Structures are given as structure tokens and as C-alpha cells.
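Enquirer: Sharing structure-v6.cif below, mmCIF, N, CA and C atoms:
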data_my_file
loop_
_atom_site.label_atom_id
_atom_site.label_comp_id
_atom_site.auth_asym_id
_atom_site.auth_seq_id
_atom_site.Cartn_x
_atom_site.Cartn_y
_atom_site.Cartn_z
N MET W 17 0.82 -1.19 0.00
CA MET W 17 0.00 0.00 0.00
C MET W 17 0.86 1.26 0.00
N ASN W 18 1.86 1.30 0.86
CA ASN W 18 2.74 2.47 0.93
C ASN W 18 3.50 2.67 -0.37
N ARG W 19 3.87 1.57 -0.99
CA ARG W 19 4.60 1.64 -2.26
C ARG W 19 3.71 2.27 -3.33
N SER W 20 2.45 1.93 -3.37
CA SER W 20 1.50 2.50 -4.35
C SER W 20 1.33 4.00 -4.13
N ILE W 21 1.24 4.41 -2.89
CA ILE W 21 1.08 5.83 -2.58
C ILE W 21 2.34 6.58 -2.98
N LEU W 22 3.50 6.02 -2.65
CA LEU W 22 4.76 6.68 -3.03
C LEU W 22 4.90 6.77 -4.54
N SER W 23 4.50 5.73 -5.24
CA SER W 23 4.55 5.75 -6.71
C SER W 23 3.65 6.83 -7.27
N LEU W 24 2.46 6.94 -6.69
CA LEU W 24 1.50 7.95 -7.14
C LEU W 24 2.03 9.35 -6.87
N ILE W 25 2.59 9.56 -5.69
CA ILE W 25 3.17 10.87 -5.35
C ILE W 25 4.33 11.19 -6.30
N GLY W 26 5.18 10.19 -6.57
CA GLY W 26 6.29 10.39 -7.51
C GLY W 26 5.81 10.76 -8.90
N PHE W 27 4.76 10.08 -9.36
CA PHE W 27 4.18 10.39 -10.66
C PHE W 27 3.72 11.83 -10.73
N PHE W 28 3.01 12.30 -9.70
CA PHE W 28 2.51 13.67 -9.69
C PHE W 28 3.65 14.69 -9.60
N CYS W 29 4.71 14.34 -8.89
CA CYS W 29 5.87 15.25 -8.83
C CYS W 29 6.51 15.40 -10.20
N VAL W 30 6.68 14.27 -10.90
CA VAL W 30 7.26 14.32 -12.25
C VAL W 30 6.34 15.10 -13.18
N LEU W 31 5.05 14.86 -13.10
CA LEU W 31 4.08 15.56 -13.93
C LEU W 31 4.11 17.06 -13.66
N THR W 32 4.16 17.44 -12.40
CA THR W 32 4.22 18.86 -12.03
C THR W 32 5.49 19.50 -12.56
N PHE W 33 6.63 18.81 -12.42
CA PHE W 33 7.89 19.34 -12.93
C PHE W 33 7.84 19.51 -14.44
N ALA W 34 7.30 18.53 -15.15
CA ALA W 34 7.20 18.60 -16.61
C ALA W 34 6.30 19.75 -17.04
N ALA W 35 5.18 19.91 -16.36
CA ALA W 35 4.27 21.01 -16.71
C ALA W 35 4.92 22.35 -16.45
N GLY W 36 5.68 22.46 -15.36
CA GLY W 36 6.39 23.70 -15.06
C GLY W 36 7.45 23.99 -16.11
N SER W 37 8.14 22.97 -16.57
CA SER W 37 9.17 23.16 -17.59
C SER W 37 8.56 23.62 -18.90
N LEU W 38 7.41 23.05 -19.28
CA LEU W 38 6.76 23.46 -20.52
C LEU W 38 6.28 24.89 -20.43
N GLY W 39 5.73 25.28 -19.29
CA GLY W 39 5.26 26.65 -19.12
C GLY W 39 6.40 27.64 -19.20
N ALA W 40 7.55 27.25 -18.64
CA ALA W 40 8.69 28.15 -18.65
C ALA W 40 9.22 28.36 -20.06
N GLN W 41 9.02 27.39 -20.96
CA GLN W 41 9.53 27.49 -22.30
C GLN W 41 8.69 28.43 -23.18
N GLU W 42 7.52 28.85 -22.73
CA GLU W 42 6.68 29.71 -23.54
C GLU W 42 7.32 31.07 -23.76
N LYS W 43 8.07 31.56 -22.79
CA LYS W 43 8.74 32.84 -22.93
C LYS W 43 10.12 32.62 -23.53
N PRO W 44 10.53 33.50 -24.43
CA PRO W 44 11.88 33.37 -24.99
C PRO W 44 12.92 33.66 -23.90
N PRO W 45 14.12 33.14 -24.04
CA PRO W 45 15.14 33.43 -23.04
C PRO W 45 15.53 34.91 -23.06
N VAL W 46 15.80 35.44 -21.89
CA VAL W 46 16.22 36.84 -21.74
C VAL W 46 17.73 36.91 -21.98
N THR W 47 18.17 37.99 -22.63
CA THR W 47 19.61 38.17 -22.84
C THR W 47 20.31 38.18 -21.49
N THR W 48 21.44 37.53 -21.43
CA THR W 48 22.16 37.41 -20.16
C THR W 48 23.41 38.28 -20.12
N HIS W 49 23.64 39.04 -21.16
CA HIS W 49 24.84 39.88 -21.18
C HIS W 49 24.46 41.34 -21.39
N ASP W 50 25.39 42.23 -21.11
CA ASP W 50 25.21 43.66 -21.33
C ASP W 50 25.00 43.90 -22.82
N LEU W 51 24.08 44.79 -23.17
CA LEU W 51 23.76 45.03 -24.58
C LEU W 51 24.39 46.29 -25.15
N GLU W 52 24.98 47.12 -24.31
CA GLU W 52 25.57 48.37 -24.79
C GLU W 52 26.70 48.07 -25.77
N GLY W 53 26.57 48.61 -26.99
CA GLY W 53 27.55 48.39 -28.03
C GLY W 53 27.42 47.03 -28.71
N LYS W 54 26.39 46.28 -28.36
CA LYS W 54 26.19 44.94 -28.91
C LYS W 54 24.82 44.83 -29.57
N GLU W 55 24.42 45.86 -30.30
CA GLU W 55 23.10 45.89 -30.92
C GLU W 55 23.01 44.99 -32.16
N ALA W 56 24.13 44.60 -32.71
CA ALA W 56 24.16 43.72 -33.89
C ALA W 56 24.19 42.27 -33.40
N CYS W 57 23.08 41.80 -32.89
CA CYS W 57 22.98 40.48 -32.26
C CYS W 57 23.49 39.35 -33.16
N LEU W 58 23.20 39.46 -34.45
CA LEU W 58 23.54 38.38 -35.37
C LEU W 58 25.04 38.31 -35.70
N MET W 59 25.80 39.27 -35.23
CA MET W 59 27.26 39.19 -35.40
C MET W 59 27.80 37.98 -34.63
N CYS W 60 27.16 37.66 -33.51
CA CYS W 60 27.60 36.53 -32.70
C CYS W 60 26.61 35.37 -32.70
N HIS W 61 25.32 35.66 -32.80
CA HIS W 61 24.30 34.63 -32.64
C HIS W 61 23.81 34.00 -33.95
N ALA W 62 24.41 34.32 -35.06
CA ALA W 62 24.05 33.67 -36.33
C ALA W 62 24.57 32.23 -36.28
N PRO W 63 23.92 31.32 -36.99
CA PRO W 63 24.34 29.92 -36.95
C PRO W 63 25.82 29.72 -37.27
N GLU W 64 26.50 28.98 -36.39
CA GLU W 64 27.88 28.55 -36.55
C GLU W 64 28.90 29.67 -36.64
N ILE W 65 28.60 30.82 -36.03
CA ILE W 65 29.55 31.95 -36.07
C ILE W 65 30.54 31.91 -34.93
N MET W 66 30.05 31.78 -33.70
CA MET W 66 30.94 31.91 -32.56
C MET W 66 30.60 30.91 -31.45
N PRO W 67 31.02 29.67 -31.59
CA PRO W 67 30.78 28.72 -30.50
C PRO W 67 31.52 29.20 -29.26
N PRO W 68 31.05 29.06 -28.07
CA PRO W 68 29.81 28.42 -27.62
C PRO W 68 28.63 29.39 -27.50
N VAL W 69 28.67 30.51 -28.19
CA VAL W 69 27.54 31.44 -28.18
C VAL W 69 26.34 30.74 -28.82
N PRO W 70 25.17 30.76 -28.15
CA PRO W 70 24.01 30.06 -28.73
C PRO W 70 23.56 30.68 -30.05
N ASP W 71 23.30 29.83 -31.02
CA ASP W 71 22.82 30.29 -32.32
C ASP W 71 21.32 30.57 -32.26
N VAL W 72 20.85 31.50 -33.09
CA VAL W 72 19.40 31.67 -33.21
C VAL W 72 18.86 30.43 -33.90
N PRO W 73 17.72 29.92 -33.45
CA PRO W 73 17.17 28.73 -34.10
C PRO W 73 16.64 29.08 -35.49
N PRO W 74 17.23 28.57 -36.56
CA PRO W 74 16.83 28.97 -37.91
C PRO W 74 15.37 28.65 -38.25
N GLU W 75 14.83 27.57 -37.67
CA GLU W 75 13.45 27.21 -38.00
C GLU W 75 12.43 28.18 -37.43
N THR W 76 12.76 28.91 -36.38
CA THR W 76 11.79 29.86 -35.82
C THR W 76 12.22 31.32 -35.97
N HIS W 77 13.42 31.57 -36.41
CA HIS W 77 13.91 32.95 -36.51
C HIS W 77 14.23 33.37 -37.94
N ALA W 78 13.84 32.59 -38.92
CA ALA W 78 14.11 32.93 -40.32
C ALA W 78 13.50 34.29 -40.66
N GLY W 79 14.29 35.12 -41.30
CA GLY W 79 13.81 36.43 -41.73
C GLY W 79 13.85 37.51 -40.66
N ARG W 80 14.29 37.17 -39.48
CA ARG W 80 14.34 38.18 -38.41
C ARG W 80 15.67 38.90 -38.44
N ALA W 81 15.61 40.18 -38.21
CA ALA W 81 16.81 41.02 -38.26
C ALA W 81 17.21 41.44 -36.84
N ASN W 82 18.38 42.05 -36.72
CA ASN W 82 18.88 42.52 -35.43
C ASN W 82 17.87 43.38 -34.68
N GLU W 83 17.10 44.19 -35.41
CA GLU W 83 16.15 45.11 -34.77
C GLU W 83 15.06 44.37 -34.02
N THR W 84 14.82 43.11 -34.36
CA THR W 84 13.71 42.39 -33.76
C THR W 84 14.11 41.60 -32.52
N CYS W 85 15.38 41.42 -32.27
CA CYS W 85 15.83 40.56 -31.17
C CYS W 85 15.28 41.01 -29.82
N GLN W 86 15.40 42.28 -29.52
CA GLN W 86 15.00 42.76 -28.21
C GLN W 86 13.48 42.86 -28.03
N TRP W 87 12.71 42.73 -29.12
CA TRP W 87 11.25 42.69 -28.98
C TRP W 87 10.86 41.54 -28.06
N CYS W 88 11.62 40.47 -28.10
CA CYS W 88 11.30 39.28 -27.30
C CYS W 88 12.30 39.02 -26.18
N HIS W 89 13.57 39.35 -26.40
CA HIS W 89 14.62 38.89 -25.50
C HIS W 89 15.09 39.91 -24.48
N ALA W 90 14.58 41.15 -24.49
CA ALA W 90 14.94 42.13 -23.46
C ALA W 90 14.14 41.83 -22.20
N ALA W 91 14.75 42.01 -21.04
CA ALA W 91 14.09 41.70 -19.78
C ALA W 91 12.80 42.50 -19.58
N ASP W 92 12.75 43.71 -20.15
CA ASP W 92 11.56 44.56 -19.97
C ASP W 92 10.61 44.52 -21.16
N SER W 93 10.81 43.58 -22.09
CA SER W 93 9.94 43.50 -23.26
C SER W 93 8.57 42.95 -22.87
N PRO W 94 7.52 43.30 -23.63
CA PRO W 94 6.20 42.74 -23.33
C PRO W 94 6.18 41.21 -23.37
N MET W 95 7.01 40.58 -24.19
CA MET W 95 7.05 39.12 -24.22
C MET W 95 7.51 38.55 -22.88
N GLN W 96 8.32 39.31 -22.14
CA GLN W 96 8.79 38.85 -20.84
C GLN W 96 7.86 39.29 -19.71
N THR W 97 7.30 40.48 -19.83
CA THR W 97 6.51 41.03 -18.73
C THR W 97 5.04 40.63 -18.77
N THR W 98 4.45 40.53 -19.97
CA THR W 98 3.02 40.21 -20.05
C THR W 98 2.74 39.05 -20.98
N GLY W 99 3.59 38.77 -21.91
CA GLY W 99 3.35 37.71 -22.89
C GLY W 99 2.47 38.23 -24.02
N ALA W 100 2.56 37.63 -25.17
CA ALA W 100 1.77 38.05 -26.32
C ALA W 100 0.42 37.35 -26.28
N SER W 101 -0.62 38.08 -26.60
CA SER W 101 -1.95 37.47 -26.62
C SER W 101 -2.08 36.55 -27.83
N LYS W 102 -2.90 35.55 -27.69
CA LYS W 102 -3.17 34.63 -28.80
C LYS W 102 -4.31 35.21 -29.62
N THR W 103 -4.32 34.93 -30.92
CA THR W 103 -5.42 35.41 -31.76
C THR W 103 -6.68 34.64 -31.41
N SER W 104 -7.80 35.30 -31.52
CA SER W 104 -9.07 34.66 -31.18
C SER W 104 -9.82 34.23 -32.43
N HIS W 105 -9.21 34.41 -33.59
CA HIS W 105 -9.90 34.09 -34.84
C HIS W 105 -9.04 33.22 -35.74
N ASP W 106 -9.68 32.66 -36.74
CA ASP W 106 -9.03 31.86 -37.77
C ASP W 106 -8.02 32.76 -38.51
N LEU W 107 -6.89 32.21 -38.92
CA LEU W 107 -5.86 33.01 -39.58
C LEU W 107 -5.81 32.80 -41.09
N GLU W 108 -6.49 31.76 -41.59
CA GLU W 108 -6.45 31.47 -43.01
C GLU W 108 -7.06 32.63 -43.81
N GLY W 109 -6.29 33.14 -44.78
CA GLY W 109 -6.75 34.25 -45.61
C GLY W 109 -6.70 35.60 -44.91
N LYS W 110 -6.11 35.64 -43.72
CA LYS W 110 -6.06 36.88 -42.94
C LYS W 110 -4.61 37.23 -42.60
N GLU W 111 -3.74 37.12 -43.58
CA GLU W 111 -2.32 37.37 -43.35
C GLU W 111 -1.99 38.86 -43.28
N ALA W 112 -2.88 39.71 -43.74
CA ALA W 112 -2.66 41.16 -43.70
C ALA W 112 -3.25 41.69 -42.39
N CYS W 113 -2.60 41.37 -41.29
CA CYS W 113 -3.08 41.70 -39.95
C CYS W 113 -3.40 43.18 -39.77
N LEU W 114 -2.55 44.02 -40.36
CA LEU W 114 -2.71 45.47 -40.16
C LEU W 114 -3.89 46.07 -40.92
N MET W 115 -4.57 45.26 -41.72
CA MET W 115 -5.79 45.75 -42.36
C MET W 115 -6.84 46.05 -41.28
N CYS W 116 -6.85 45.26 -40.23
CA CYS W 116 -7.82 45.46 -39.14
C CYS W 116 -7.15 45.96 -37.87
N HIS W 117 -5.94 45.48 -37.60
CA HIS W 117 -5.26 45.80 -36.35
C HIS W 117 -4.35 47.02 -36.48
N ALA W 118 -4.89 48.10 -36.93
CA ALA W 118 -4.17 49.37 -36.99
C ALA W 118 -5.00 50.40 -36.22
N PRO W 119 -4.38 51.38 -35.63
CA PRO W 119 -5.12 52.36 -34.83
C PRO W 119 -6.30 52.97 -35.58
N GLY W 120 -7.48 52.88 -34.97
CA GLY W 120 -8.68 53.50 -35.49
C GLY W 120 -9.33 52.82 -36.67
N VAL W 121 -8.94 51.61 -37.03
CA VAL W 121 -9.49 50.97 -38.23
C VAL W 121 -10.81 50.26 -37.97
N MET W 122 -10.85 49.33 -37.04
CA MET W 122 -12.06 48.55 -36.84
C MET W 122 -12.31 48.30 -35.35
N PRO W 123 -12.90 49.26 -34.67
CA PRO W 123 -13.21 48.99 -33.26
C PRO W 123 -14.20 47.84 -33.17
N PRO W 124 -14.18 46.98 -32.19
CA PRO W 124 -13.32 46.97 -31.00
C PRO W 124 -12.06 46.13 -31.17
N VAL W 125 -11.57 45.96 -32.38
CA VAL W 125 -10.31 45.23 -32.60
C VAL W 125 -9.20 45.98 -31.86
N PRO W 126 -8.40 45.25 -31.08
CA PRO W 126 -7.33 45.94 -30.34
C PRO W 126 -6.31 46.55 -31.29
N ASP W 127 -6.05 47.81 -31.12
CA ASP W 127 -5.07 48.49 -31.96
C ASP W 127 -3.66 48.10 -31.53
N ALA W 128 -2.76 48.08 -32.47
CA ALA W 128 -1.36 47.81 -32.15
C ALA W 128 -0.82 48.98 -31.34
N PRO W 129 -0.35 48.74 -30.12
CA PRO W 129 0.16 49.84 -29.29
C PRO W 129 1.48 50.38 -29.81
N GLU W 130 1.94 51.44 -29.19
CA GLU W 130 3.20 52.07 -29.59
C GLU W 130 4.36 51.08 -29.58
N SER W 131 4.27 50.05 -28.74
CA SER W 131 5.36 49.08 -28.67
C SER W 131 5.48 48.26 -29.95
N HIS W 132 4.52 48.39 -30.85
CA HIS W 132 4.54 47.65 -32.11
C HIS W 132 4.98 48.53 -33.28
N GLU W 133 5.40 49.73 -33.00
CA GLU W 133 5.83 50.65 -34.06
C GLU W 133 6.93 50.03 -34.90
N GLY W 134 6.78 50.12 -36.22
CA GLY W 134 7.78 49.59 -37.14
C GLY W 134 7.60 48.13 -37.47
N ARG W 135 6.61 47.48 -36.90
CA ARG W 135 6.39 46.06 -37.18
C ARG W 135 5.43 45.92 -38.35
N ALA W 136 5.68 44.94 -39.17
CA ALA W 136 4.88 44.71 -40.38
C ALA W 136 4.06 43.44 -40.23
N ASP W 137 3.14 43.21 -41.17
CA ASP W 137 2.28 42.03 -41.14
C ASP W 137 3.05 40.72 -40.93
N GLU W 138 4.19 40.59 -41.58
CA GLU W 138 4.91 39.31 -41.50
C GLU W 138 5.50 39.05 -40.11
N THR W 139 5.52 40.05 -39.24
CA THR W 139 6.06 39.83 -37.90
C THR W 139 4.98 39.47 -36.87
N CYS W 140 3.71 39.65 -37.17
CA CYS W 140 2.64 39.44 -36.18
C CYS W 140 2.65 38.04 -35.60
N LEU W 141 2.73 37.04 -36.47
CA LEU W 141 2.60 35.66 -36.02
C LEU W 141 3.88 35.11 -35.38
N TRP W 142 4.93 35.92 -35.32
CA TRP W 142 6.11 35.50 -34.58
C TRP W 142 5.74 35.40 -33.11
N CYS W 143 4.89 36.29 -32.65
CA CYS W 143 4.52 36.33 -31.22
C CYS W 143 3.08 35.90 -30.97
N HIS W 144 2.18 36.30 -31.85
CA HIS W 144 0.76 36.04 -31.65
C HIS W 144 0.35 34.78 -32.43
N THR W 145 0.11 33.72 -31.70
CA THR W 145 -0.26 32.45 -32.33
C THR W 145 -1.75 32.20 -32.16
N LYS W 146 -2.28 31.26 -32.89
CA LYS W 146 -3.69 30.93 -32.83
C LYS W 146 -4.00 30.25 -31.51
N ALA W 147 -5.02 30.75 -30.82
CA ALA W 147 -5.46 30.14 -29.56
C ALA W 147 -6.06 28.77 -29.85
N GLY W 148 -5.85 27.85 -28.89
CA GLY W 148 -6.46 26.53 -28.98
C GLY W 148 -5.84 25.74 -30.03
#
Can you dump the structure from the file as C-alpha cells?
Expert:
Amino acid sequence: MNRSILSLIGFFCVLTFAAGSLGAQEKPPVTTHDLEGKEACLMCHAPEIMPPVPDVPPETHAGRANETCQWCHAADSPMQTTGASKTSHDLEGKEACLMCHAPGVMPPVPDAPESHEGRADETCLWCHTKAG
């Protein structure tokens, strides 16, 4: 009997740890070094440039430029402090996000705040994924 209870407790501990690890992976890693004078992130973080510096993952970062790195990886970025909201609608045929999500276009659609200045349609789905 005690062995069954201990096994059950162990199972729940492993499950809790796994769930915590998955939740932690939702946010991108925060830069761990000083950024002053290091704004050209891809000088070091491009694939196979400077081991043991971690490379940007090519499958999820294709087409991203130096200007976009801190949108997600700065400690004070919205991706770190609040997280990006998930879209509440189907995305098929709706790749021109800014047709509706621009200031004053279609209330009550949330307008892109000032923190999104300079971002184009192709960058929306980097952070905002389909809910469910």
C-alpha cells in the first residue's frame, strides 16, 4: 500500500515538474549579457559563427533582423513582462493583420500599441499564435 502511494506521489511530482518546464519554455530566453555596443545580435548569434555562443534557431527565426531581437529577448519586453496574446480568430486568408489591427481601423479590434511601431504584417505571427 505504501509503495502505491509513493509511486503515485512520484508520478505527480514528475508531472508537475514537466508542466512547469513546458510553461517556462513559452517565454523566450532573456539576454544574459550587457547590450551596450552589442546591438548587432547576429554578429555573434548567427548559426555557426561563434561557438559556444548560442545560435538563433533557424526554423523559428528565419527572416528576423537585429532590430527584432529585443522585442522578445529584453528583460523589460512585453514578451517577458506580459506575454503576447493569442489570436481569437481563424488566420487562413487573414495574413494582412494590419488591415484590421491598426489604430482607429475597426473597433473593437485591439489596436497595435506604440510598442509595435515599425512592425509589419509578417512579424505578427512571430509572437501572436492561434489560440487553442
Enquirer: If you apply the PyMOL selection byres (((chain W and resi 62 and name CA) around 12) and name CA) to this file, what residues do you get, as a list of chain:residue names?
Expert: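 For this structure, the PyMOL selection byres (((chain W and resi 62 and name CA) around 12) and name CA) resolves to W:Ala56, W:Cys57, W:Leu58, W:Met59, W:Cys60, W:His61, W:Pro63, W:Glu64, W:Ile65, W:Met66, W:Pro67, W:Pro68, W:Val69, W:Pro70, W:Asp71, W:Val72, W:Pro73, W:Pro74, W:His77, W:Ala78, W:Gly79, W:Arg80, W:Ala81, W:Asn82, W:Cys85.
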Enquirer: Quick check for you: according to DSSP on this backbone, which residues of chain W are classed as alpha helix (DSSP H)? Reply as JSON, numbers by chain.
Expert: {"W": [18, 19, 20, 21, 22, 23, 24, 25, 26, 27, 28, 29, 30, 31, 32, 33, 34, 35, 36, 37, 38, 39, 40, 58, 59, 60, 61, 74, 75, 76, 77, 82, 83, 84, 85, 86, 87, 88, 89, 94, 95, 96, 97, 137, 138, 139, 140, 141, 142, 143]}
Enquirer: So what do you get for atom C of W:Glu130 versus atom N of W:Trp87, distance-wise?
Expert: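 Going from atom C of W:Glu130 over to atom N of W:Trp87 covers 11.8 Å.
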Enquirer: Which residues, written as an mmCIF file with N, CA and C atoms, in the frame of the given file, have at least one atom at most 6.5 Å from W:Ala100, with only N, CA and C atoms counted and residues fewer than 4 positions away on the same chain left out?
Expert:
data_model
loop_
_atom_site.group_PDB
_atom_site.id
_atom_site.type_symbol
_atom_site.label_atom_id
_atom_site.label_comp_id
_atom_site.auth_asym_id
_atom_site.auth_seq_id
_atom_site.Cartn_x
_atom_site.Cartn_y
_atom_site.Cartn_z
ATOM 1 N N PRO W 94 7.520 43.300 -23.630
ATOM 2 C CA PRO W 94 6.200 42.740 -23.330
ATOM 3 C C PRO W 94 6.180 41.210 -23.370
ATOM 4 N N MET W 95 7.010 40.580 -24.190
ATOM 5 C CA MET W 95 7.050 39.120 -24.220
ATOM 6 C C MET W 95 7.510 38.550 -22.880
ATOM 7 N N CYS W 143 4.890 36.290 -32.650
ATOM 8 C CA CYS W 143 4.520 36.330 -31.220
ATOM 9 C C CYS W 143 3.080 35.900 -30.970
ATOM 10 N N HIS W 144 2.180 36.300 -31.850
ATOM 11 C CA HIS W 144 0.760 36.040 -31.650
ATOM 12 C C HIS W 144 0.350 34.780 -32.430
#
Enquirer: Take atom C of W:Thr47 and atom C of W:Lys146 and report the distance between them in Å, one decimal.
Expert: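 These atoms are spaced 27.5 Å apart.
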Enquirer: When distances are computed from only N, CA and C atoms, which of W:Ala136, W:Thr145, W:Lys43, W:Thr48 shows the smallest separation from W:Ser101?
Expert: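 With only N, CA and C atoms as the atom set, the closest residue is W:Thr145.
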Enquirer: At what distance in Å, to one decimal, does atom C of W:Glu83 lie from atom CA of W:Leu114?
Expert: 18.8 Å
Enquirer: As JSON, what would the box around stretch 129-138 of chain W look like: edges along x, y and z, 8 Å added on every side, centre and edge lengths in Å to one decimal?
Expert:
{"center_x": 3.7, "center_y": 45.6, "center_z": -35.1, "size_x": 24.1, "size_y": 29.0, "size_z": 28.9}
